[in-house]
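**Q** Dropping a structure here in structure tokens format, bear with me for questions.
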Amino acid sequence: MSPVTAHTARTPTATDVRAAAERIAPYARRTPILRAEVDGRPLTLKLEHLQRTGAFKLRGALNALLGGAPAQRVITASGGNHGLGVATAARLLGIGATVYVPETVPRAKAAALAATGAEIVRVGEGYAEAARVASARAEHEGVRYLHAFDDPLIVAGQGTIGLEIAADAPECDTVAVAVGGGGLVAGVLLGAGGRRVVGAEPRGCASLHAALAAGRPVTGPVDSVAASALGAPALGRVPFEVLSGRPAESALVDDGEITRAQDRLWEEFKIATEPAAAVPFAAWLAGRVPGANPCLVVCGANTGWHRDG
């Protein structure tokens with residue numbers, strides 16, 4: 001049997017983002033905006049790490065489950081945050097969920113996943129292998145497979161972040177987001193009301209940069225401190241179709257810049273993020289995010305926490 005998916009050939013639009021915002025409003029938080037100044041420069045932070053589940057992925061998962069064909073059960077694969085979003089959305093909507101994660105999934109994300117009550121299956125060393133096995137099971141069982149980023153409904157759901165920025169911080173001229181498979185950057189491009197969008201990426205996981213250079217999604221290395229969240233080996237086809245119409249810019253940062261940005265987020269704002277969420281701030285600190293008043297999306301905080309005493 002073939003897996004049931006929400007994937008269609010149609011490229012999502014700004015209209016789809018607005019529809020997603022209406023669908024998910026009863027379940028997802030409208031996360032706050034923080035205006036600040038760092039190193040004498042103004043910036044705005046979209047505090048998406050305060051989303052239910054601790055990451056933005058809940059938005060896309062909710063939209064996919066609410067906007068797609070009715071399903072009693074879904075299967076997905078994730079480096080952690082998407083799986084947590086799907087498992088939580090499924091629980092809220094009374095749907096069964098099976099989440100495949102790599103053996104290397106961070107402990108904090110594994111613990112949060114287990115608490116959702118979803119079936120959790122660990123397999124492989126990275127996202128790509130977990131996705132291959134999960135998709136094969138969905139096909140064998142005829143169950144809907146929910147892709148982490150290569151799905152129009154997922155992209156539209158993530159785009160609600162851009163819609164909120166446009167409404168709540170209209171003075172911002174640029175939006176910077178972290179890039180893995182491209183669902184967030186493509187969605188924000190659709191939702192941000194024509195603002196300049198920058199996709200910030202680790203040099204060791206640069207799917208957007210590689211796709212823009214090649215003119216198509218291409219497979220590349222996955223080697224970064226942020227790989228657990230940004231470890232897609234290639235940009236998704238659906239995100240690339242969105243970005244082909246009006247491409248986002250790519251800004252690359254190295255692992256040292258990412259970890260220093262994590263430290264600065266804690267020092268400046270007492271925000272404890274996972275590495276991926278610090279990538280846009282790292283790019284901004286390095287002067288690689290243009291604009292007089294940019295907004296940086298702090299996309300997730302599913303990391304370990306240790307009390308000093």
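Note on naming: chains are A, B, ... as they come in the structure tokens, residues start from 1 per chain, ligands start from 1 in the order shown.
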Given only C-alpha atoms, how would the per-residue table for range 49-100 of chain A near range 212-231 of chain A read, listing every residue at most 12 Å away with its closest atom pair and distance in Å to one decimal, sorted by chain and number, as JSON lines?
**A**
{"residue": "A:Ala55", "atom": "CA", "partner": "A:Ala229", "partner_atom": "CA", "distance": 10.4}
{"residue": "A:Phe56", "atom": "CA", "partner": "A:Ala229", "partner_atom": "CA", "distance": 11.5}
{"residue": "A:Lys57", "atom": "CA", "partner": "A:Ala229", "partner_atom": "CA", "distance": 10.6}
{"residue": "A:Ser78", "atom": "CA", "partner": "A:Ala229", "partner_atom": "CA", "distance": 8.5}
{"residue": "A:Gly79", "atom": "CA", "partner": "A:Ser228", "partner_atom": "CA", "distance": 5.3}
{"residue": "A:Gly80", "atom": "CA", "partner": "A:Ala229", "partner_atom": "CA", "distance": 6.9}
{"residue": "A:Asn81", "atom": "CA", "partner": "A:Ala229", "partner_atom": "CA", "distance": 7.0}
{"residue": "A:His82", "atom": "CA", "partner": "A:Ala229", "partner_atom": "CA", "distance": 8.8}
{"residue": "A:Gly83", "atom": "CA", "partner": "A:Ala229", "partner_atom": "CA", "distance": 10.9}
{"residue": "A:Leu84", "atom": "CA", "partner": "A:Ala229", "partner_atom": "CA", "distance": 11.8}
**Q** Limited to C-alpha atoms, could you put the picked residues into a file as a PDB file, in the first residue's frame?
**A**
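Saved as out-v5.pdb:
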ATOM      1  CA  ALA A  55       9.993  24.919  19.294  1.00  0.00           C
ATOM      2  CA  PHE A  56       8.243  26.267  16.201  1.00  0.00           C
ATOM      3  CA  LYS A  57       7.565  22.831  14.711  1.00  0.00           C
ATOM      4  CA  SER A  78      12.575  13.785  13.085  1.00  0.00           C
ATOM      5  CA  GLY A  79      15.807  14.914  14.640  1.00  0.00           C
ATOM      6  CA  GLY A  80      13.636  15.733  17.654  1.00  0.00           C
ATOM      7  CA  ASN A  81      11.654  18.973  17.367  1.00  0.00           C
ATOM      8  CA  HIS A  82       9.393  18.012  14.446  1.00  0.00           C
ATOM      9  CA  GLY A  83       8.640  14.698  16.110  1.00  0.00           C
ATOM     10  CA  LEU A  84       7.769  16.485  19.314  1.00  0.00           C
TER      11      LEU A  84
END
**Q** Please identify every residue of range 76-179 of chain A that has at least one atom no farther than 7 Å from an atom of range 276-286 of chain A, counting only C-alpha atoms, and for each give the shortest atom pair and the distance in Å to one decimal, arranged by chain then increasing number, as a Markdown table.
**A**
| residue | atom | partner | partner_atom | distance |
| --- | --- | --- | --- | --- |
| A:Ala176 | CA | A:Pro280 | CA | 5.7 |
| A:Val177 | CA | A:Pro280 | CA | 5.6 |
| A:Ala178 | CA | A:Pro280 | CA | 5.8 |
**Q** Could you work out how far CA of Arg35 in chain A lies from CA of Gly182 in chain A, giving the answer in Å with one decimal?
**A**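 We find that CA of Gly182 in chain A and CA of Arg35 in chain A lie 26.0 Å from each other.
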**Q** What is the CA of Gly157 in chain A to CA of Ala112 in chain A distance in Å?
**A**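 Spanning CA of Gly157 in chain A to CA of Ala112 in chain A is a straight-line distance of 21.6 Å.
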**Q** Skip Ala110 in chain A itself and residues of its chain fewer than 5 positions away, then list as number ranges by chain all residues within 12 Å of it, counting only C-alpha atoms.
**A** A: 78-84, 87, 99-105, 115-122, 228, 302-304
